[in-house]
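Pasting run17.cif here (mmCIF, C-alpha atoms and all ligand atoms):
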data_data
loop_
_atom_site.label_atom_id
_atom_site.label_comp_id
_atom_site.auth_asym_id
_atom_site.auth_seq_id
_atom_site.Cartn_x
_atom_site.Cartn_y
_atom_site.Cartn_z
CA ALA A 1 105.26 84.13 101.26
CA LYS A 2 108.30 86.20 100.27
CA ASP A 3 108.46 84.33 96.93
CA MET A 4 104.78 84.84 96.16
CA LYS A 5 103.79 87.32 93.47
CA GLU A 6 102.03 90.35 94.98
CA GLU A 7 98.87 89.72 92.96
CA ASP A 8 98.63 86.13 94.27
CA LYS A 9 98.62 87.14 97.93
CA LEU A 10 94.88 87.90 97.99
CA TYR A 11 91.95 86.07 96.45
CA ARG A 12 88.21 86.56 96.51
CA TYR A 13 85.78 84.27 98.31
CA ASP A 14 82.06 85.14 98.26
CA GLY A 15 83.00 88.58 96.97
CA VAL A 16 85.42 89.37 99.81
CA LEU A 17 89.24 89.46 99.64
CA TYR A 18 91.25 87.17 101.95
CA PRO A 19 94.98 86.40 102.28
CA SER A 20 95.53 83.26 100.16
CA LEU A 21 98.15 81.73 102.41
CA MET A 22 96.42 82.16 105.79
CA CYS A 23 92.78 81.78 104.70
CA PRO A 24 92.58 79.45 101.71
CA GLU A 25 89.11 78.41 100.57
CA GLU A 26 89.40 75.14 102.48
CA HIS A 27 89.77 77.07 105.75
CA LEU A 28 86.81 79.34 105.08
CA LYS A 29 84.64 76.36 104.14
CA ALA A 30 85.65 74.53 107.32
CA LEU A 31 84.28 77.43 109.37
CA LYS A 32 80.69 76.50 108.61
CA ASN A 33 80.78 73.50 110.92
CA PHE A 34 83.06 74.92 113.58
CA GLU A 35 81.72 73.97 117.00
CA ALA A 36 81.62 76.91 119.36
CA ARG A 37 81.14 76.39 123.09
CA GLU A 38 79.06 78.37 125.50
CA ASP A 39 82.16 79.21 127.53
CA ASP A 40 84.47 80.17 124.64
CA VAL A 41 85.98 83.63 124.97
CA MET A 42 85.31 85.03 121.50
CA LEU A 43 86.96 88.18 120.17
CA VAL A 44 85.92 89.88 116.95
CA ALA A 45 87.67 92.79 115.24
CA TYR A 46 87.89 94.27 111.80
CA PRO A 47 91.64 94.17 110.92
CA LYS A 48 93.81 96.73 112.71
CA CYS A 49 91.17 97.81 115.24
CA GLY A 50 93.16 96.43 118.20
CA PHE A 51 92.71 92.66 117.95
CA ASN A 52 96.18 91.80 119.31
CA TRP A 53 95.76 94.29 122.14
CA MET A 54 92.59 92.53 123.25
CA VAL A 55 94.18 89.09 122.78
CA GLY A 56 96.84 90.20 125.29
CA VAL A 57 94.21 91.52 127.72
CA LEU A 58 92.00 88.43 127.44
CA ARG A 59 94.93 86.01 127.89
CA LYS A 60 95.87 87.83 131.08
CA ILE A 61 92.27 87.89 132.35
CA ILE A 62 91.88 84.15 131.73
CA ALA A 63 95.25 83.40 133.35
CA GLU A 64 94.38 85.41 136.47
CA ALA A 65 90.77 84.28 136.82
CA LYS A 66 91.11 80.63 135.83
CA GLY A 67 94.81 79.83 136.08
CA VAL A 68 94.58 78.66 132.45
CA LYS A 69 97.43 79.60 130.10
CA THR A 70 96.18 80.25 126.55
CA GLU A 71 99.58 81.19 125.08
CA SER A 72 100.01 80.12 121.48
CA LYS A 73 102.31 80.84 118.59
CA MET A 74 99.35 81.45 116.29
CA PRO A 75 96.86 84.29 116.49
CA PRO A 76 93.64 82.59 117.59
CA LEU A 77 91.82 83.46 114.34
CA ILE A 78 89.40 80.66 113.47
CA GLU A 79 89.74 81.39 109.73
CA PHE A 80 93.49 80.57 109.98
CA PHE A 81 92.84 77.13 111.49
CA GLY A 82 91.76 74.80 108.69
CA PRO A 83 90.44 71.26 109.25
CA ASP A 84 93.55 69.89 111.03
CA VAL A 85 93.93 72.66 113.58
CA ILE A 86 90.16 72.57 114.17
CA LYS A 87 90.51 68.94 115.29
CA THR A 88 93.04 69.98 117.94
CA VAL A 89 90.97 72.99 118.98
CA ASN A 90 87.94 70.69 119.39
CA GLU A 91 89.91 68.81 122.06
CA ALA A 92 91.25 71.87 123.85
CA PRO A 93 90.09 72.51 127.42
CA SER A 94 87.77 75.42 128.24
CA PRO A 95 87.92 78.33 128.33
CA ARG A 96 89.25 78.64 124.78
CA LEU A 97 90.32 82.03 123.48
CA LEU A 98 89.15 82.37 119.87
CA GLY A 99 88.88 85.24 117.44
CA THR A 100 87.97 86.31 113.96
CA HIS A 101 88.10 89.18 111.47
CA VAL A 102 85.24 87.83 109.34
CA HIS A 103 81.93 89.63 108.91
CA PRO A 104 79.39 88.44 111.53
CA ASP A 105 77.24 86.90 108.77
CA ASN A 106 80.17 84.61 107.92
CA MET A 107 80.84 83.46 111.47
CA PRO A 108 80.04 79.85 112.35
CA ALA A 109 76.36 79.62 113.29
CA SER A 110 77.24 77.72 116.46
CA PHE A 111 78.39 80.92 118.20
CA ARG A 112 74.85 82.24 118.18
CA ALA A 113 73.27 78.88 118.88
CA LYS A 114 75.47 78.44 121.98
CA LYS A 115 75.03 82.08 123.02
CA THR A 116 78.80 82.41 123.24
CA LYS A 117 79.87 85.76 124.67
CA ILE A 118 81.51 87.91 121.99
CA LEU A 119 83.76 90.91 122.58
CA VAL A 120 83.98 93.23 119.57
CA ILE A 121 86.57 95.99 119.27
CA PHE A 122 86.22 98.82 116.76
CA ARG A 123 88.42 101.80 115.98
CA ASN A 124 88.06 105.15 114.26
CA PRO A 125 88.11 104.28 110.52
CA LYS A 126 90.79 106.88 109.72
CA ASP A 127 93.36 105.40 112.11
CA THR A 128 92.26 101.90 111.11
CA ALA A 129 93.01 102.66 107.45
CA VAL A 130 96.45 104.09 108.25
CA SER A 131 97.33 101.12 110.45
CA PHE A 132 96.11 98.70 107.76
CA TYR A 133 98.22 100.46 105.12
CA HIS A 134 101.43 100.07 107.15
CA PHE A 135 100.55 96.51 108.10
CA SER A 136 99.93 95.44 104.53
CA ASN A 137 103.29 96.86 103.44
CA ASN A 138 105.18 95.15 106.27
CA ASN A 139 103.52 91.74 106.41
CA PRO A 140 104.90 89.23 103.89
CA VAL A 141 101.53 87.46 103.51
CA LEU A 142 99.80 90.68 102.39
CA PRO A 143 100.45 92.76 99.26
CA SER A 144 103.10 95.46 99.60
CA GLY A 145 104.36 98.28 97.46
CA GLN A 146 101.01 100.10 97.27
CA SER A 147 100.97 103.86 97.75
CA TRP A 148 98.87 105.39 100.52
CA ASP A 149 96.52 106.92 97.96
CA ALA A 150 95.92 103.57 96.26
CA PHE A 151 95.41 101.78 99.58
CA PHE A 152 93.00 104.45 100.79
CA SER A 153 90.91 104.08 97.69
CA ASP A 154 90.77 100.26 98.13
CA PHE A 155 89.87 100.70 101.81
CA MET A 156 86.97 102.98 100.90
CA SER A 157 85.60 100.51 98.37
CA GLY A 158 86.08 97.54 100.69
CA ASP A 159 88.68 95.97 98.41
CA VAL A 160 91.02 95.07 101.26
CA PRO A 161 91.45 91.78 103.14
CA TRP A 162 88.28 90.83 105.10
CA GLY A 163 86.23 93.38 103.21
CA SER A 164 84.57 96.65 104.06
CA TYR A 165 85.04 98.36 107.43
CA PHE A 166 81.63 100.00 107.18
CA ASP A 167 79.82 96.73 106.33
CA GLN A 168 81.21 95.14 109.47
CA ALA A 169 80.63 98.19 111.67
CA LEU A 170 76.98 98.44 110.58
CA ALA A 171 76.38 94.75 111.14
CA TRP A 172 77.68 94.95 114.74
CA GLU A 173 75.88 98.24 115.39
CA LYS A 174 72.63 96.30 114.92
CA ARG A 175 73.61 93.92 117.70
CA MET A 176 74.48 96.50 120.35
CA ASP A 177 71.53 95.42 122.52
CA ASP A 178 72.40 91.72 122.29
CA PRO A 179 73.35 90.64 125.84
CA ASP A 180 75.93 88.21 124.40
CA VAL A 181 77.75 90.98 122.54
CA MET A 182 79.97 93.66 124.09
CA ILE A 183 81.31 96.39 121.84
CA VAL A 184 84.31 98.42 122.95
CA THR A 185 86.34 100.95 121.02
CA TYR A 186 90.09 101.50 120.74
CA GLU A 187 89.55 105.13 121.68
CA GLU A 188 87.66 104.33 124.92
CA LEU A 189 90.32 101.86 125.95
CA LYS A 190 93.10 104.38 125.30
CA GLU A 191 91.15 106.74 127.57
CA ASP A 192 90.67 104.29 130.47
CA LEU A 193 92.14 100.82 130.13
CA SER A 194 91.50 99.74 133.75
CA ASP A 195 87.81 100.39 133.31
CA GLY A 196 87.88 98.40 130.08
CA VAL A 197 89.59 95.43 131.75
CA ARG A 198 87.05 95.54 134.59
CA GLN A 199 84.06 95.62 132.24
CA ILE A 200 85.43 92.97 129.89
CA SER A 201 86.15 90.51 132.69
CA THR A 202 82.69 91.04 134.17
CA PHE A 203 81.09 90.53 130.76
CA PHE A 204 82.77 87.12 130.39
CA GLY A 205 81.81 86.19 133.96
CA PHE A 206 85.34 86.23 135.39
CA SER A 207 85.81 87.81 138.77
CA LEU A 208 89.02 89.71 139.35
CA THR A 209 90.17 91.74 142.33
CA GLU A 210 90.81 95.44 141.80
CA ALA A 211 94.55 94.72 142.19
CA GLN A 212 94.37 92.14 139.39
CA VAL A 213 92.50 94.61 137.15
CA GLN A 214 95.17 97.27 137.75
CA GLN A 215 97.99 94.83 137.11
CA ILE A 216 96.49 93.63 133.82
CA ALA A 217 95.94 97.23 132.68
CA GLU A 218 99.57 98.11 133.48
CA GLN A 219 100.84 95.09 131.56
CA SER A 220 98.62 95.90 128.57
CA THR A 221 99.68 99.44 127.72
CA PHE A 222 101.15 99.89 124.25
CA SER A 223 104.71 100.26 125.57
CA ALA A 224 104.44 97.20 127.83
CA MET A 225 103.03 95.05 125.05
CA LYS A 226 105.55 96.30 122.50
CA GLN A 227 108.35 95.49 124.92
CA SER A 228 107.25 91.88 125.31
CA SER A 229 106.22 91.53 121.65
CA SER A 230 109.22 89.44 120.63
CA ASN A 231 107.89 86.75 123.01
CA SER A 232 104.29 87.05 121.83
CA HIS A 233 104.86 87.77 118.11
CA GLY A 234 108.47 86.79 117.33
CA ASN A 235 110.09 88.88 114.61
CA MET A 236 106.68 90.39 113.68
CA GLY A 237 106.53 92.20 117.04
CA ASN A 238 107.33 95.65 115.67
CA VAL A 239 104.87 95.17 112.82
CA PHE A 240 101.93 94.36 115.11
CA PHE A 241 102.90 96.98 117.71
CA ARG A 242 103.67 99.94 115.46
CA LYS A 243 102.64 103.24 117.03
CA GLY A 244 99.57 102.62 119.18
CA GLU A 245 98.11 106.12 119.07
CA VAL A 246 94.84 107.89 118.36
CA GLY A 247 95.07 110.42 115.53
CA ASP A 248 97.97 109.13 113.40
CA TRP A 249 95.64 109.60 110.41
CA LYS A 250 96.54 113.32 110.47
CA ASN A 251 100.02 112.37 109.23
CA HIS A 252 98.63 110.58 106.16
CA PHE A 253 95.22 111.87 105.01
CA THR A 254 94.91 114.68 102.51
CA PRO A 255 92.02 117.12 103.20
CA LYS A 256 90.13 115.50 100.32
CA GLN A 257 90.58 111.99 101.73
CA SER A 258 89.53 113.23 105.15
CA GLN A 259 86.36 114.69 103.64
CA GLU A 260 85.63 111.47 101.79
CA MET A 261 85.91 109.47 105.01
CA ASP A 262 83.79 112.02 106.89
CA ASP A 263 81.09 111.65 104.25
CA ALA A 264 81.17 107.86 104.54
CA PHE A 265 81.09 108.08 108.33
CA ASN A 266 78.18 110.50 108.25
CA LYS A 267 76.29 108.29 105.83
CA HIS A 268 76.77 105.06 107.79
CA LEU A 269 77.62 105.68 111.44
CA ALA A 270 76.77 109.24 112.46
CA GLY A 271 73.98 109.23 115.06
CA THR A 272 74.49 105.56 115.93
CA ARG A 273 75.68 104.42 119.34
CA LEU A 274 78.76 102.78 117.84
CA GLY A 275 79.52 106.03 116.03
CA ALA A 276 79.37 107.91 119.32
CA LYS A 277 81.71 105.43 121.02
CA LEU A 278 84.33 105.99 118.31
CA ASN A 279 84.70 109.62 119.38
CA TYR A 280 84.99 110.49 115.69
P1 LIG B 301 98.98 101.27 114.79
O1 LIG B 301 99.35 100.65 113.49
O2 LIG B 301 98.17 102.52 114.65
O3 LIG B 301 100.15 101.44 115.70
P2 LIG B 301 95.43 94.68 115.27
O4 LIG B 301 95.99 94.01 116.48
O5 LIG B 301 93.96 94.58 115.18
O6 LIG B 301 96.15 94.26 114.06
O7 LIG B 301 95.66 96.26 115.48
C1 LIG B 301 96.94 96.78 115.45
C2 LIG B 301 96.94 98.20 115.98
O8 LIG B 301 96.73 98.17 117.41
C3 LIG B 301 98.27 98.86 115.75
O9 LIG B 301 97.98 100.25 115.55
C4 LIG B 301 98.96 98.60 117.08
O10 LIG B 301 100.05 99.43 117.35
C5 LIG B 301 97.82 98.85 118.04
N1 LIG B 301 98.06 98.29 119.37
C6 LIG B 301 98.53 97.08 119.70
N2 LIG B 301 98.64 96.94 121.03
C7 LIG B 301 98.23 98.10 121.57
C8 LIG B 301 98.12 98.56 122.92
N3 LIG B 301 98.47 97.81 123.96
N4 LIG B 301 97.65 99.82 123.10
C9 LIG B 301 97.29 100.59 122.05
N5 LIG B 301 97.38 100.21 120.77
C10 LIG B 301 97.85 98.97 120.52
#
Starting from the coordinates I provided, produce the structure as structure tokens.
Amino acid sequence: AKDMKEEDKLYRYDGVLYPSLMCPEEHLKALKNFEAREDDVMLVAYPKCGFNWMVGVLRKIIAEAKGVKTESKMPPLIEFFGPDVIKTVNEAPSPRLLGTHVHPDNMPASFRAKKTKILVIFRNPKDTAVSFYHFSNNNPVLPSGQSWDAFFSDFMSGDVPWGSYFDQALAWEKRMDDPDVMIVTYEELKEDLSDGVRQISTFFGFSLTEAQVQQIAEQSTFSAMKQSSSNSHGNMGNVFFRKGEVGDWKNHFTPKQSQEMDDAFNKHLAGTRLGAKLNY
């Protein structure tokens, strides 16, 4: 990836940008026939909304409740798999921990057909944009060298990997009453992680003792996860676990950019239940 030209790092598929190396066309095409299971633990997040945080939480829940270790060197993103990995994943024992950043319309149809339980995490779009900006500049498979102003403008027009934040947020907002979908926000979990762990494990049908819930919450704080990130994420640990705070946008946004985001938020999410959960 280090030898790739910046402009070759992303390409467009069905109008949406994806990282060429991790999600080539062959991988995205293979998704169509991916076979979900009823008992898969499925995690969905727009990039930088807290995907890796929830991966850590879900791995610990599954380990405690089922005694099943789901450790893996790869993030469990189904669009990274490709046909060969899919063959291995098809053989893996349940419960499988899977995830995606793709828009719900582009998810394999089998997730809905099987009524697989899906956990979705969203985050305030201002902090999401700032996190995405730093991530892009520090991840060799994504373009770097862009200024904050240029990245912000791409974020607002949806010209960033996996597409528009607002498109995805609106699509999930419509499914808030779906009993197979649970939507949590980064902000709520920062406020009360134990409660989040309790609700998430109940949603997936795992029963944990209160002591187990507390232990998982303690092991899943930002500082705890950052500390063990060289085990979970190798030399990318500090890139995935950067700052872990609510409100870092204030260090980056100009008043004009803040207004632009407020306008977009008001247009799309104000007055919705997802909007309220983001504590915008
Ligand atoms: P920052 O860049 O604001 O620090 P994703 O996993 O979806 O790529 O999201 C990454 C963001 O989640 C990063 O945000 C990262 O620091 C934050 N994060 C990771 N683990 C966390 C945790 N345990 N608690 C709070 N934030 C966490």
Q: All residues within 7 Å of ligand LIG 301 (chain B) are required, counting only C-alpha atoms and all ligand atoms; please report them as a ChimeraX atom specification.
A: /A:45-53,127-128,130-132,134-135,190,220-223,225,240-245,248
Q: Considering all atoms listed in the file, state which residue in the set A:Asp3, A:Glu173, A:Glu218, A:Glu91 is at the smallest distance from Thr272 of chain A.
A: A:Glu173
For Gly15 of chain A, work out the shell of residues within 10 Å, counting all atoms listed in the file and skipping chain neighbours fewer than 3 positions away, then give it as a PDB file with C-alpha atoms, in the coordinates of the input.
ATOM      1  CA  TYR A  11      91.950  86.070  96.450  1.00  0.00           C
ATOM      2  CA  ARG A  12      88.210  86.560  96.510  1.00  0.00           C
ATOM      3  CA  TYR A  18      91.250  87.170 101.950  1.00  0.00           C
ATOM      4  CA  ASP A 159      88.680  95.970  98.410  1.00  0.00           C
ATOM      5  CA  TRP A 162      88.280  90.830 105.100  1.00  0.00           C
ATOM      6  CA  GLY A 163      86.230  93.380 103.210  1.00  0.00           C
TER       7      GLY A 163
END
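Candidate residues A:Asn279, A:Ser194, A:Thr116, A:Gln199 were compared for distance to Asp180 of chain A, and the nearest is A:Thr116, using all atoms listed in the file.
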Q: May I have the residues within 12 Å of Glu35 of chain A as an MDAnalysis selection string, using all atoms listed in the file and disregarding those fewer than 3 positions away in the same chain?
A: chainID A and resid 30:32 38:40 78 83 86:87 89:92 96 98 107:114 116
Restricting the output to C-alpha atoms, write the selected residues as a PDB file, keeping the file's coordinate frame.
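Output contents, as saved in again_29.pdb:
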ATOM      1  CA  ALA A  30      85.650  74.530 107.320  1.00  0.00           C
ATOM      2  CA  LEU A  31      84.280  77.430 109.370  1.00  0.00           C
ATOM      3  CA  LYS A  32      80.690  76.500 108.610  1.00  0.00           C
ATOM      4  CA  GLU A  38      79.060  78.370 125.500  1.00  0.00           C
ATOM      5  CA  ASP A  39      82.160  79.210 127.530  1.00  0.00           C
ATOM      6  CA  ASP A  40      84.470  80.170 124.640  1.00  0.00           C
ATOM      7  CA  ILE A  78      89.400  80.660 113.470  1.00  0.00           C
ATOM      8  CA  PRO A  83      90.440  71.260 109.250  1.00  0.00           C
ATOM      9  CA  ILE A  86      90.160  72.570 114.170  1.00  0.00           C
ATOM     10  CA  LYS A  87      90.510  68.940 115.290  1.00  0.00           C
ATOM     11  CA  VAL A  89      90.970  72.990 118.980  1.00  0.00           C
ATOM     12  CA  ASN A  90      87.940  70.690 119.390  1.00  0.00           C
ATOM     13  CA  GLU A  91      89.910  68.810 122.060  1.00  0.00           C
ATOM     14  CA  ALA A  92      91.250  71.870 123.850  1.00  0.00           C
ATOM     15  CA  ARG A  96      89.250  78.640 124.780  1.00  0.00           C
ATOM     16  CA  LEU A  98      89.150  82.370 119.870  1.00  0.00           C
ATOM     17  CA  MET A 107      80.840  83.460 111.470  1.00  0.00           C
ATOM     18  CA  PRO A 108      80.040  79.850 112.350  1.00  0.00           C
ATOM     19  CA  ALA A 109      76.360  79.620 113.290  1.00  0.00           C
ATOM     20  CA  SER A 110      77.240  77.720 116.460  1.00  0.00           C
ATOM     21  CA  PHE A 111      78.390  80.920 118.200  1.00  0.00           C
ATOM     22  CA  ARG A 112      74.850  82.240 118.180  1.00  0.00           C
ATOM     23  CA  ALA A 113      73.270  78.880 118.880  1.00  0.00           C
ATOM     24  CA  LYS A 114      75.470  78.440 121.980  1.00  0.00           C
ATOM     25  CA  THR A 116      78.800  82.410 123.240  1.00  0.00           C
TER      26      THR A 116
END
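With all atoms listed in the file as the atoms that count, the minimum distance from Ser228 of chain A to the choices A:Ala1, A:Arg123, A:Gly56, A:Lys117 is reached by A:Gly56.
Counting all atoms listed in the file, the residue from A:Thr88, A:Ser207, A:Thr185, A:Ser230 that sits nearest to Val120 of chain A is A:Thr185.
In this comparison, which uses only C-alpha atoms, the residue of A:Met156, A:Glu187, A:Asp8, A:Ser232 approaching Asp262 of chain A most closely is A:Met156.
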